[in-house]
$ cat run.cif   # mmCIF, C-alpha atoms
data_data
loop_
_atom_site.label_atom_id
_atom_site.label_comp_id
_atom_site.auth_asym_id
_atom_site.auth_seq_id
_atom_site.Cartn_x
_atom_site.Cartn_y
_atom_site.Cartn_z
CA MET C 4 62.46 42.35 -49.56
CA GLY C 5 63.92 44.44 -46.74
CA ALA C 6 62.34 46.80 -44.23
CA THR C 7 59.46 48.86 -45.64
CA PRO C 8 59.47 52.65 -45.16
CA VAL C 9 56.81 54.04 -42.84
CA THR C 10 55.91 57.73 -42.34
CA ASP C 11 54.19 59.98 -39.80
CA ASN C 12 51.07 59.74 -41.98
CA ASP C 13 50.67 55.98 -42.21
CA TRP C 14 52.06 55.23 -38.72
CA THR C 15 48.65 54.50 -37.19
CA ALA C 16 47.58 52.08 -39.90
CA GLU C 17 50.95 50.39 -40.33
CA VAL C 18 52.08 50.18 -36.72
CA LEU C 19 49.32 50.81 -34.18
CA GLU C 20 46.72 48.76 -36.03
CA ALA C 21 49.03 45.99 -37.19
CA ASP C 22 47.88 42.41 -36.60
CA ARG C 23 51.34 41.18 -35.53
CA PRO C 24 54.37 42.61 -33.75
CA VAL C 25 56.10 45.42 -35.62
CA LEU C 26 59.80 46.24 -35.56
CA ILE C 27 60.64 49.82 -36.55
CA ASP C 28 64.15 51.01 -37.33
CA PHE C 29 64.51 54.76 -36.64
CA TRP C 30 67.30 56.01 -38.89
CA ALA C 31 68.69 58.92 -40.94
CA GLU C 32 71.02 59.37 -43.92
CA TRP C 33 73.65 61.20 -41.85
CA CYS C 34 73.89 58.51 -39.19
CA GLY C 35 76.86 56.24 -39.86
CA PRO C 36 75.88 53.46 -37.46
CA CYS C 37 72.37 53.43 -38.98
CA ARG C 38 73.85 52.59 -42.35
CA MET C 39 75.56 49.63 -40.74
CA VAL C 40 72.45 48.39 -38.94
CA GLY C 41 70.13 48.88 -41.93
CA PRO C 42 71.29 45.78 -43.82
CA ILE C 43 70.92 43.63 -40.68
CA VAL C 44 67.36 44.87 -40.22
CA ASP C 45 66.69 44.06 -43.87
CA GLU C 46 67.94 40.53 -43.30
CA ILE C 47 65.66 40.15 -40.31
CA ALA C 48 62.77 41.35 -42.48
CA GLU C 49 63.54 38.65 -45.01
CA GLU C 50 64.04 35.84 -42.53
CA LYS C 51 61.42 36.67 -39.89
CA GLY C 52 58.90 38.58 -41.98
CA ASP C 53 56.21 35.99 -41.32
CA GLN C 54 56.34 36.63 -37.56
CA LEU C 55 57.37 40.24 -37.44
CA LYS C 56 56.44 43.19 -39.62
CA VAL C 57 59.66 45.14 -40.23
CA LEU C 58 59.52 48.87 -41.02
CA LYS C 59 61.95 51.78 -41.09
CA LEU C 60 61.25 55.40 -40.27
CA ASN C 61 63.44 58.25 -41.51
CA VAL C 62 63.58 60.68 -38.56
CA ASP C 63 64.51 63.63 -40.79
CA GLU C 64 61.35 63.28 -42.83
CA ASN C 65 59.14 62.14 -39.95
CA PRO C 66 60.11 64.12 -36.87
CA ALA C 67 56.68 63.96 -35.23
CA THR C 68 56.72 60.21 -34.65
CA ALA C 69 60.33 60.25 -33.48
CA ARG C 70 59.49 62.98 -30.98
CA GLN C 71 56.32 61.27 -29.80
CA TYR C 72 58.25 58.16 -28.79
CA GLY C 73 61.14 60.06 -27.23
CA ILE C 74 63.78 58.96 -29.72
CA MET C 75 66.98 60.74 -28.61
CA SER C 76 69.56 58.60 -30.32
CA ILE C 77 69.72 56.60 -33.50
CA PRO C 78 69.78 53.88 -34.49
CA THR C 79 66.91 53.01 -32.16
CA LEU C 80 64.71 49.99 -32.82
CA LEU C 81 61.24 49.82 -31.31
CA VAL C 82 58.97 46.80 -31.21
CA PHE C 83 55.24 47.45 -31.03
CA LYS C 84 52.76 44.83 -29.94
CA GLY C 85 49.04 45.52 -29.92
CA GLY C 86 49.67 49.18 -30.63
CA GLU C 87 51.98 49.66 -27.63
CA PRO C 88 55.77 49.92 -27.47
CA ALA C 89 56.99 46.60 -26.07
CA LYS C 90 60.73 46.83 -26.54
CA ARG C 91 63.35 49.52 -27.15
CA ILE C 92 66.81 48.72 -28.49
CA VAL C 93 69.24 51.65 -28.62
CA GLY C 94 72.48 51.65 -30.59
CA ALA C 95 73.99 49.49 -33.29
CA LYS C 96 74.06 45.79 -32.58
CA GLY C 97 75.09 42.65 -34.36
CA LYS C 98 72.59 40.26 -35.84
CA ALA C 99 73.03 37.58 -33.18
CA GLN C 100 72.55 40.11 -30.41
CA LEU C 101 69.59 41.70 -32.15
CA LEU C 102 67.84 38.37 -32.63
CA ASP C 103 68.45 37.64 -28.97
CA ASP C 104 66.85 40.99 -28.03
CA LEU C 105 63.88 40.06 -30.23
CA LYS C 106 63.45 36.53 -28.90
CA ASP C 107 60.12 37.35 -27.22
CA PHE C 108 58.69 38.17 -30.64
CA VAL C 109 60.30 35.76 -33.08
CA SER C 110 61.28 32.13 -32.90
CA MET X 16 80.27 31.31 -40.93
CA THR X 17 83.15 28.86 -41.07
CA ASP X 18 81.88 25.32 -41.23
CA ILE X 19 85.03 23.64 -42.43
CA ALA X 20 88.42 23.66 -40.81
CA GLN X 21 89.86 26.13 -43.28
CA THR X 22 92.93 28.02 -42.21
CA HIS X 23 93.30 31.59 -43.44
CA ASP X 24 96.62 33.23 -44.11
CA VAL X 25 95.56 36.62 -42.81
CA VAL X 26 92.64 37.57 -40.61
CA VAL X 27 92.06 41.22 -39.77
CA ILE X 28 89.98 42.15 -36.75
CA GLY X 29 88.52 45.60 -37.20
CA SER X 30 87.02 47.61 -40.05
CA GLY X 31 88.23 51.18 -39.63
CA PRO X 32 90.87 52.77 -41.85
CA ALA X 33 93.66 50.64 -40.33
CA GLY X 34 91.90 47.30 -40.83
CA LEU X 35 90.61 48.14 -44.31
CA THR X 36 93.98 49.42 -45.51
CA ALA X 37 95.63 46.26 -44.19
CA ALA X 38 92.99 44.31 -46.12
CA VAL X 39 93.64 46.23 -49.36
CA TYR X 40 97.35 45.48 -49.16
CA ALA X 41 96.96 41.87 -48.06
CA ALA X 42 94.37 41.27 -50.78
CA ARG X 43 96.62 42.77 -53.44
CA ALA X 44 99.33 40.39 -52.24
CA ASN X 45 96.90 37.53 -52.99
CA LEU X 46 96.59 36.56 -49.34
CA GLU X 47 92.76 36.54 -49.50
CA PRO X 48 92.32 38.24 -46.16
CA LEU X 49 89.24 37.79 -44.03
CA VAL X 50 88.10 40.92 -42.21
CA ILE X 51 86.01 40.38 -39.11
CA GLU X 52 84.23 43.69 -39.11
CA GLY X 53 82.99 43.88 -35.58
CA VAL X 54 79.57 45.22 -34.74
CA ILE X 55 79.21 46.57 -31.27
CA GLU X 56 81.83 45.54 -28.73
CA GLY X 57 84.55 47.81 -30.06
CA GLY X 58 82.27 50.48 -31.47
CA PRO X 59 80.32 50.53 -34.72
CA THR X 60 81.28 48.62 -37.86
CA GLY X 61 83.58 50.88 -39.84
CA GLY X 62 85.01 52.38 -36.69
CA GLN X 63 85.01 55.84 -35.24
CA LEU X 64 85.06 57.55 -38.63
CA THR X 65 81.44 56.53 -39.08
CA LEU X 66 80.62 58.72 -36.08
CA THR X 67 82.09 61.85 -37.60
CA THR X 68 80.61 64.13 -40.22
CA GLU X 69 82.91 65.68 -42.77
CA VAL X 70 86.52 64.47 -42.96
CA GLU X 71 88.53 67.42 -44.24
CA ASN X 72 92.07 66.26 -43.62
CA TYR X 73 92.27 62.94 -45.48
CA PRO X 74 94.54 63.59 -48.46
CA GLY X 75 93.02 63.20 -51.89
CA PHE X 76 89.62 64.69 -51.11
CA PRO X 77 90.00 68.43 -51.69
CA GLU X 78 86.33 69.07 -50.98
CA GLY X 79 86.22 66.72 -47.96
CA ILE X 80 84.31 63.47 -47.70
CA THR X 81 81.96 62.08 -45.05
CA GLY X 82 83.49 59.58 -42.66
CA THR X 83 80.98 56.90 -43.57
CA GLN X 84 81.55 57.37 -47.30
CA LEU X 85 85.32 57.18 -46.87
CA ILE X 86 84.97 53.92 -44.98
CA MET X 87 82.50 52.47 -47.49
CA ASP X 88 84.91 53.34 -50.31
CA MET X 89 87.83 51.70 -48.50
CA ARG X 90 85.71 48.62 -47.92
CA ALA X 91 84.75 48.42 -51.60
CA GLN X 92 88.41 48.79 -52.54
CA ALA X 93 89.40 45.92 -50.23
CA GLU X 94 86.55 43.79 -51.57
CA ARG X 95 87.57 44.43 -55.17
CA PHE X 96 90.87 42.62 -54.57
CA GLY X 97 89.28 39.60 -52.93
CA THR X 98 88.86 40.52 -49.27
CA ARG X 99 86.07 38.62 -47.56
CA PHE X 100 84.06 40.10 -44.72
CA GLN X 101 82.39 38.59 -41.71
CA THR X 102 80.14 40.97 -39.78
CA GLU X 103 80.27 40.00 -36.12
CA ASP X 104 82.32 40.42 -32.99
CA VAL X 105 85.27 38.30 -31.96
CA THR X 106 84.63 36.94 -28.48
CA ALA X 107 87.86 35.07 -27.77
CA VAL X 108 91.34 34.74 -29.20
CA ASP X 109 93.74 31.88 -28.61
CA LEU X 110 97.26 32.88 -29.57
CA SER X 111 98.85 29.86 -27.91
CA THR X 112 97.98 27.54 -30.80
CA ARG X 113 99.33 27.50 -34.36
CA PRO X 114 97.39 28.45 -36.37
CA PHE X 115 95.77 31.06 -34.13
CA LYS X 116 92.17 30.45 -33.19
CA LEU X 117 89.40 33.04 -33.00
CA SER X 118 85.86 32.54 -31.74
CA THR X 119 82.99 34.80 -32.70
CA ASP X 120 79.55 35.88 -31.61
CA SER X 121 77.77 33.33 -33.76
CA GLY X 122 79.88 30.50 -32.34
CA ALA X 123 82.12 30.26 -35.40
CA GLU X 124 85.75 29.23 -35.03
CA ILE X 125 88.27 30.82 -37.35
CA TRP X 126 91.84 29.65 -37.83
CA THR X 127 94.60 31.81 -39.22
CA ASN X 128 98.35 31.77 -39.79
CA SER X 129 98.71 35.47 -39.09
CA LEU X 130 96.55 38.01 -37.32
CA ILE X 131 96.24 41.76 -37.79
CA ILE X 132 94.63 43.56 -34.88
CA ALA X 133 92.90 46.80 -35.86
CA THR X 134 90.26 46.90 -33.15
CA GLY X 135 90.61 50.61 -32.47
CA ALA X 136 89.36 52.42 -29.42
CA LYS X 137 86.00 53.49 -28.15
CA PRO X 138 84.75 56.50 -26.23
CA ARG X 139 85.36 56.42 -22.50
CA ARG X 140 82.35 56.60 -20.21
CA LEU X 141 82.07 58.52 -16.96
CA GLU X 142 80.78 55.54 -14.96
CA VAL X 143 78.51 57.62 -12.75
CA PRO X 144 74.97 56.89 -11.53
CA GLY X 145 72.28 57.45 -14.14
CA GLU X 146 74.63 57.27 -17.12
CA ASP X 147 73.75 53.72 -18.20
CA GLU X 148 70.03 54.08 -17.49
CA LEU X 149 69.83 57.24 -19.58
CA TRP X 150 72.13 56.10 -22.39
CA GLY X 151 70.33 56.88 -25.63
CA ALA X 152 67.78 58.91 -23.69
CA GLY X 153 69.86 62.05 -23.57
CA VAL X 154 73.28 60.58 -22.78
CA SER X 155 75.42 60.10 -25.87
CA ALA X 156 79.01 59.92 -27.06
CA CYS X 157 78.17 60.92 -30.62
CA ALA X 158 77.06 64.47 -31.34
CA THR X 159 76.85 63.84 -35.07
CA CYS X 160 74.47 60.91 -34.47
CA ASP X 161 72.27 62.41 -31.82
CA GLY X 162 72.63 66.21 -31.97
CA PHE X 163 69.61 66.33 -34.27
CA PHE X 164 67.34 65.37 -31.36
CA PHE X 165 68.34 68.39 -29.27
CA LYS X 166 66.93 71.21 -31.36
CA GLU X 167 66.44 74.29 -29.20
CA ARG X 168 67.47 72.40 -26.06
CA HIS X 169 70.25 72.85 -23.56
CA VAL X 170 72.98 70.21 -23.61
CA VAL X 171 76.17 69.58 -21.68
CA VAL X 172 79.44 68.42 -23.23
CA VAL X 173 81.92 66.79 -20.87
CA GLY X 174 85.61 67.10 -21.74
CA GLY X 175 88.28 69.61 -22.69
CA GLY X 176 90.06 68.19 -25.73
CA ASP X 177 89.62 68.61 -29.46
CA THR X 178 86.76 66.14 -29.58
CA ALA X 179 84.89 68.04 -26.88
CA MET X 180 85.30 71.35 -28.72
CA GLU X 181 84.29 69.76 -32.01
CA GLU X 182 81.20 68.21 -30.45
CA ALA X 183 80.26 71.44 -28.65
CA THR X 184 80.64 73.51 -31.80
CA PHE X 185 78.70 70.99 -33.87
CA LEU X 186 75.90 70.84 -31.30
CA THR X 187 75.27 74.59 -31.53
CA LYS X 188 73.73 73.88 -34.94
CA PHE X 189 70.85 72.35 -33.03
CA ALA X 190 70.96 73.18 -29.34
CA SER X 191 69.97 76.56 -27.96
CA LYS X 192 72.82 76.36 -25.47
CA VAL X 193 75.84 74.13 -24.97
CA THR X 194 77.66 74.04 -21.65
CA VAL X 195 81.12 72.49 -21.60
CA VAL X 196 81.99 70.94 -18.25
CA HIS X 197 85.71 70.45 -17.80
CA ARG X 198 87.56 69.23 -14.75
CA ARG X 199 90.45 71.64 -15.17
CA SER X 200 90.76 75.41 -15.52
CA GLU X 201 92.05 75.30 -19.07
CA LEU X 202 91.41 73.29 -22.20
CA ARG X 203 93.60 70.60 -23.68
CA ALA X 204 92.17 71.26 -27.15
CA SER X 205 94.24 72.77 -29.97
CA LYS X 206 94.27 76.53 -30.28
CA ILE X 207 92.09 76.64 -33.38
CA MET X 208 89.41 74.45 -31.80
CA GLN X 209 89.49 76.49 -28.59
CA GLU X 210 89.10 79.76 -30.43
CA ARG X 211 86.21 78.40 -32.45
CA ALA X 212 84.44 77.39 -29.24
CA PHE X 213 85.23 80.62 -27.33
CA LYS X 214 83.90 82.70 -30.19
CA ASN X 215 80.62 80.81 -30.30
CA ASP X 216 78.10 82.67 -28.16
CA ARG X 217 75.94 79.59 -27.67
CA ILE X 218 78.77 77.84 -25.81
CA ASP X 219 79.58 78.51 -22.17
CA PHE X 220 81.99 76.79 -19.80
CA VAL X 221 81.92 75.35 -16.30
CA TRP X 222 85.54 75.01 -15.16
CA ASN X 223 87.05 72.79 -12.49
CA ALA X 224 83.99 70.61 -12.37
CA GLU X 225 83.19 66.94 -12.76
CA VAL X 226 79.86 65.35 -13.58
CA VAL X 227 79.11 62.94 -10.73
CA GLU X 228 75.54 61.94 -11.59
CA VAL X 229 72.99 62.13 -14.37
CA LYS X 230 69.40 62.76 -13.36
CA GLY X 231 66.37 61.94 -15.42
CA ALA X 232 62.59 61.87 -15.33
CA GLY X 233 60.22 60.01 -17.60
CA GLY X 234 63.16 58.28 -19.26
CA GLN X 235 64.89 61.50 -20.33
CA VAL X 236 67.79 63.51 -18.95
CA THR X 237 66.75 66.49 -16.84
CA ALA X 238 70.04 67.51 -15.19
CA VAL X 239 73.60 66.57 -14.43
CA VAL X 240 75.08 66.94 -10.98
CA VAL X 241 78.42 68.75 -11.13
CA GLU X 242 80.98 68.76 -8.36
CA ASP X 243 83.51 71.56 -8.01
CA THR X 244 86.94 69.89 -7.97
CA GLU X 245 88.28 72.51 -5.54
CA THR X 246 85.47 73.05 -3.06
CA GLY X 247 83.68 69.71 -3.46
CA GLU X 248 80.43 71.61 -3.70
CA ARG X 249 77.69 69.94 -5.73
CA ARG X 250 74.91 71.50 -7.73
CA ASP X 251 72.37 70.50 -10.36
CA LEU X 252 72.93 71.78 -13.85
CA ALA X 253 69.61 71.53 -15.69
CA CYS X 254 69.96 70.18 -19.23
CA GLU X 255 68.29 67.77 -21.61
CA GLY X 256 71.33 66.01 -22.95
CA MET X 257 74.88 65.08 -22.02
CA PHE X 258 77.56 64.32 -24.61
CA LEU X 259 80.76 62.62 -23.52
CA ALA X 260 84.13 63.52 -25.00
CA ILE X 261 86.54 62.37 -22.30
CA GLY X 262 88.92 60.28 -24.31
CA HIS X 263 89.06 56.72 -25.49
CA ILE X 264 89.73 53.21 -24.27
CA PRO X 265 91.63 50.86 -26.58
CA ASN X 266 89.73 47.71 -27.49
CA THR X 267 92.26 45.25 -26.15
CA TRP X 268 90.41 43.18 -23.57
CA LEU X 269 90.60 40.15 -25.89
CA PHE X 270 94.38 40.22 -25.55
CA GLU X 271 94.81 40.83 -21.84
CA GLY X 272 97.49 38.59 -20.44
CA THR X 273 98.65 37.59 -23.93
CA LEU X 274 99.93 40.68 -25.69
CA ASP X 275 102.14 43.39 -24.22
CA MET X 276 100.30 46.63 -23.51
CA ASP X 277 101.12 49.97 -21.98
CA PRO X 278 99.45 50.93 -18.67
CA GLU X 279 96.51 52.43 -20.58
CA GLY X 280 95.90 49.17 -22.45
CA TYR X 281 97.31 50.20 -25.84
CA LEU X 282 99.14 47.38 -27.63
CA LEU X 283 102.91 47.70 -27.77
CA VAL X 284 104.63 47.01 -31.08
CA ASP X 285 108.22 46.71 -32.14
CA GLU X 286 108.52 50.10 -33.88
CA PRO X 287 108.93 50.85 -36.70
CA THR X 288 107.27 47.50 -37.48
CA THR X 289 103.79 46.54 -36.28
CA ARG X 290 104.95 43.29 -34.66
CA THR X 291 103.52 42.50 -31.24
CA ASN X 292 105.30 40.23 -28.78
CA VAL X 293 103.64 37.18 -30.38
CA PRO X 294 105.23 36.35 -33.74
CA GLY X 295 102.61 36.45 -36.48
CA VAL X 296 100.39 38.92 -34.63
CA PHE X 297 100.47 42.54 -35.78
CA ALA X 298 98.70 45.65 -34.53
CA CYS X 299 97.74 48.84 -36.35
CA GLY X 300 95.58 51.92 -35.95
CA ASP X 301 94.28 53.45 -32.75
CA VAL X 302 94.67 50.22 -30.80
CA MET X 303 98.44 50.81 -30.82
CA ASP X 304 98.53 54.58 -31.28
CA HIS X 305 97.28 56.96 -28.63
CA ILE X 306 99.33 59.85 -29.96
CA TYR X 307 98.24 60.62 -33.52
CA ARG X 308 94.87 58.84 -33.82
CA GLN X 309 94.12 60.11 -37.34
CA ALA X 310 92.43 58.26 -40.20
CA VAL X 311 95.52 58.72 -42.32
CA THR X 312 97.97 57.52 -39.66
CA ALA X 313 95.73 54.51 -39.01
CA ALA X 314 95.73 53.72 -42.72
CA GLY X 315 99.52 54.07 -42.73
CA THR X 316 100.02 51.57 -39.92
CA GLY X 317 97.46 49.26 -41.55
CA CYS X 318 99.64 49.18 -44.65
CA ARG X 319 102.69 48.39 -42.52
CA ALA X 320 100.84 45.57 -40.75
CA ALA X 321 99.87 43.93 -44.05
CA ILE X 322 103.43 44.08 -45.35
CA ASP X 323 104.73 42.74 -42.03
CA ALA X 324 102.22 39.88 -42.16
CA GLU X 325 103.13 39.10 -45.75
CA ARG X 326 106.85 38.89 -44.86
CA PHE X 327 106.08 36.77 -41.82
CA LEU X 328 104.11 34.32 -43.95
CA ALA X 329 106.86 34.18 -46.56
CA GLU X 330 109.35 33.26 -43.87
CA HIS X 331 107.15 30.78 -42.07
CA THR X 332 105.12 28.96 -44.69
CA ASP X 333 106.55 27.47 -47.83
CA ALA X 334 103.08 26.95 -49.19
CA THR X 335 102.18 30.61 -49.42
CA PRO X 336 103.12 32.12 -52.77
CA ILE X 337 104.17 35.71 -52.42
CA MET X 338 102.99 37.73 -55.37
CA PRO X 339 104.78 40.82 -56.49
CA ARG X 340 103.21 44.01 -55.25
CA GLY X 341 102.57 46.93 -57.48
#

$ encode --input "run.cif" --output "structure tokens"
Amino acid sequence: MGATPVTDNDWTAEVLEADRPVLIDFWAEWCGPCRMVGPIVDEIAEEKGDQLKVLKLNVDENPATARQYGIMSIPTLLVFKGGEPAKRIVGAKGKAQLLDDLKDFVS
Amino acid sequence: MTDIAQTHDVVVIGSGPAGLTAAVYAARANLEPLVIEGVIEGGPTGGQLTLTTEVENYPGFPEGITGTQLIMDMRAQAERFGTRFQTEDVTAVDLSTRPFKLSTDSGAEIWTNSLIIATGAKPRRLEVPGEDELWGAGVSACATCDGFFFKERHVVVVGGGDTAMEEATFLTKFASKVTVVHRRSELRASKIMQERAFKNDRIDFVWNAEVVEVKGAGGQVTAVVVEDTETGERRDLACEGMFLAIGHIPNTWLFEGTLDMDPEGYLLVDEPTTRTNVPGVFACGDVMDHIYRQAVTAAGTGCRAAIDAERFLAEHTDATPIMPRG
């Protein structure tokens, strides 16, 4: 199972009230680099799902959340911990680099 | 990941139209190419086409096709004939050994009898204060990726070529105003692109000016500082985004000191072949072409590189069966 879609409506329950760190992939259909990063995020969901909840948010369909967190470029990955943004990763990255960026949250 | 000392016949570095076309040809010649797709160092996987919207000048698509779709189709075509893919960046290349040795991000070592370099080029940065800090927070080199976030805002486009005009025109779909900052008094862009931009009433121009700093507040761009190239006078130009379109840098740092390059860093090949100065190493696409830089010309040189590699292997290894093409 890959990253699970999240929306403006269930953001609070899924992200802010989550009981473990949450990784959210902000993406859109028209974003080429997002389509490259998507499968890597899905892999991370499969491999690290026990430590990290992995979600994806379509910015076209959910503009309010994207605006609220100042997303100005996609792909952007945000990590939330205890309801607060704890890490921001902007731009497409490889899996090794991504896992390195996430090392505070996954082992 | 390579865990056994397996030597490939052909490894392609790069996954844009040049690399994927090379892979299609090499795969159809039964050379079982490995494509190292690259992820970040040289730009996104799939290359610069994935950063564009509609591609209207690639022959065979009368209605146009999106850049990403074109790349995904090329990849599927290469895969169909037995191309394998490895999605990571090459970190080092040793061309002094035979076979050649490549090292990657994950620590893998890859050995190959011939190498096709299709690493492309990536957008040049200004290298001014504030640019790195505000990258992705208003500073961008991809209007098609990020324009969406600038609805009803004022953005600046830096540059005077076709890319700058294309980005500026595209951004008017979202932005309330687009200001093009160009360091000269006239544009380098083609006539048609210039006219399109001049006719657009949401686009204005600041001539003879360079951006020397990007200012931000609360993690977002608030202004760029422009300097008049004649008077040296500086002023703040308030805006919420800055898009760069000031040319490209070839992705050749892996080959510095090993392969011949021109002063700009583009690989030199023995035209009309794609041979570099190291026998068995071939270059195709934007990494060796700063003149045409089109998807179709990249694909054309990719085809040449695969045929060159195939001939090289036929001459240098008895073990490699050369299958008829067609």

$ closest_atom_pairs --input "run.cif" --of "chain C" --to "chain X" --cutoff "8 Å" --atoms "all atoms listed in the file" --output "JSON lines"
{"residue": "C:Trp33", "atom": "CA", "partner": "X:Cys160", "partner_atom": "CA", "distance": 7.4}
{"residue": "C:Cys34", "atom": "CA", "partner": "X:Cys160", "partner_atom": "CA", "distance": 5.3}
{"residue": "C:Gly35", "atom": "CA", "partner": "X:Thr65", "partner_atom": "CA", "distance": 4.7}
{"residue": "C:Pro36", "atom": "CA", "partner": "X:Pro59", "partner_atom": "CA", "distance": 6.0}
{"residue": "C:Met39", "atom": "CA", "partner": "X:Thr60", "partner_atom": "CA", "distance": 6.5}
{"residue": "C:Gly73", "atom": "CA", "partner": "X:Ala152", "partner_atom": "CA", "distance": 7.6}
{"residue": "C:Ile74", "atom": "CA", "partner": "X:Ala152", "partner_atom": "CA", "distance": 7.2}
{"residue": "C:Met75", "atom": "CA", "partner": "X:Ala152", "partner_atom": "CA", "distance": 5.3}
{"residue": "C:Ser76", "atom": "CA", "partner": "X:Asp161", "partner_atom": "CA", "distance": 4.9}
{"residue": "C:Ile77", "atom": "CA", "partner": "X:Cys160", "partner_atom": "CA", "distance": 6.5}
{"residue": "C:Val93", "atom": "CA", "partner": "X:Gly151", "partner_atom": "CA", "distance": 6.1}
{"residue": "C:Gly94", "atom": "CA", "partner": "X:Gly151", "partner_atom": "CA", "distance": 7.5}
{"residue": "C:Ala95", "atom": "CA", "partner": "X:Ile55", "partner_atom": "CA", "distance": 6.3}
{"residue": "C:Lys96", "atom": "CA", "partner": "X:Ile55", "partner_atom": "CA", "distance": 5.4}
{"residue": "C:Gly97", "atom": "CA", "partner": "X:Val54", "partner_atom": "CA", "distance": 5.2}
{"residue": "C:Lys98", "atom": "CA", "partner": "X:Glu103", "partner_atom": "CA", "distance": 7.7}
{"residue": "C:Ala99", "atom": "CA", "partner": "X:Ser121", "partner_atom": "CA", "distance": 6.4}

$ residues_around --input "run.cif" --residues "Leu85 of chain X" --least-positions-apart "6" --cutoff "10 Å" --atoms "all atoms listed in the file" --output "VMD selection string"
chain X and resid 31 to 32 61 64 to 65 69 to 70 73 76 79 91 310

$ resolve_selection --input "run.cif" --expression "the PyMOL selection byres ((chain X and resi 50-52) around 6)" --output "list in words"
Val26, Val27, Ile28, Gly29, Ser30, Leu49, Gly53, Thr60, Phe100, Gln101 and Thr102 of chain X

$ closest_residue --input "run.cif" --among "X:Pro287, X:Gly247, X:Gly174, X:Gly135" --to "Ala33 of chain X" --atoms "only C-alpha atoms"
X:Gly135

$ axis_aligned_box --input "run.cif" --around "segment 241-250 of chain X" --padding-each-side "6 Å" --output "JSON"
{"center_x": 81.6, "center_y": 70.9, "center_z": -7.1, "size_x": 25.4, "size_y": 16.3, "size_z": 20.1}

$ resolve_selection --input "run.cif" --expression "the PyMOL selection byres ((chain X and resi 194) around 9)" --output "ChimeraX atom specification"
/X:169-173,183,192-193,195-196,217-221,254

$ resolve_selection --input "run.cif" --expression "the PyMOL selection byres ((chain C and resi 88) around 12)" --output "list of chain:residue names"
C:Val18, C:Leu19, C:Pro24, C:Val25, C:Leu26, C:Ile27, C:Gln71, C:Tyr72, C:Gly73, C:Leu80, C:Leu81, C:Val82, C:Phe83, C:Lys84, C:Gly85, C:Gly86, C:Glu87, C:Ala89, C:Lys90, C:Arg91, C:Ile92

$ atom_distance --input "run.cif" --atom1 "atom CA of Val239 of chain X" --atom2 "atom CA of Thr187 of chain X"
19.0 Å

$ atom_distance --input "run.cif" --atom1 "atom CA of Gly295 of chain X" --atom2 "atom CA of Lys137 of chain X"
25.2 Å

$ atom_distance --input "run.cif" --atom1 "atom CA of Leu117 of chain X" --atom2 "atom CA of Leu130 of chain X"
9.7 Å

$ residues_around --input "run.cif" --residues "Glu32 of chain C" --least-positions-apart "6" --cutoff "9 Å" --atoms "all atoms listed in the file" --output "list in words"
Arg38, Asn61 and Asp63 of chain C

$ write_last_selection --input "run.cif" --atoms "C-alpha atoms" --output "PDB file, in the coordinates of the input"
ATOM      1  CA  ARG C  38      73.850  52.590 -42.350  1.00  0.00           C
ATOM      2  CA  ASN C  61      63.440  58.250 -41.510  1.00  0.00           C
ATOM      3  CA  ASP C  63      64.510  63.630 -40.790  1.00  0.00           C
TER       4      ASP C  63
END

$ residues_near_point --input "run.cif" --point "(62.3, 55.6, -35.4)" --cutoff "6 Å" --atoms "all atoms listed in the file" --output "ChimeraX atom specification"
/C:28-29,60,69

$ closest_residue --input "run.cif" --among "C:Thr10, C:Gln54, C:Asn65, C:Thr79" --to "Asp107 of chain C" --atoms "only C-alpha atoms"
C:Gln54

$ decode --input "run.cif" --residues "segment 18-25 of chain C" --atoms "N, CA and C atoms" --output "CSV table (one decimal), in the first residue's frame"
chain,number,residue,atom,x,y,z
C,18,VAL,N,-3.8,14.4,10.2
C,18,VAL,CA,-2.5,14.9,10.3
C,18,VAL,C,-2.2,15.5,11.7
C,19,LEU,N,-3.1,16.5,12.1
C,19,LEU,CA,-2.8,17.2,13.3
C,19,LEU,C,-3.0,16.3,14.5
C,20,GLU,N,-4.0,15.4,14.4
C,20,GLU,CA,-4.3,14.5,15.6
C,20,GLU,C,-3.7,13.1,15.5
C,21,ALA,N,-2.7,13.0,14.6
C,21,ALA,CA,-2.1,11.7,14.4
C,21,ALA,C,-1.2,11.3,15.6
C,22,ASP,N,-1.1,10.0,15.8
C,22,ASP,CA,-0.4,9.5,17.0
C,22,ASP,C,1.1,9.2,16.7
C,23,ARG,N,1.5,9.5,15.4
C,23,ARG,CA,2.9,9.3,15.1
C,23,ARG,C,3.3,10.3,14.0
C,24,PRO,N,4.5,10.5,13.7
C,24,PRO,CA,4.9,11.4,12.7
C,24,PRO,C,4.2,11.2,11.4
C,25,VAL,N,3.9,12.2,10.6
C,25,VAL,CA,3.1,12.1,9.4
C,25,VAL,C,4.0,12.8,8.3
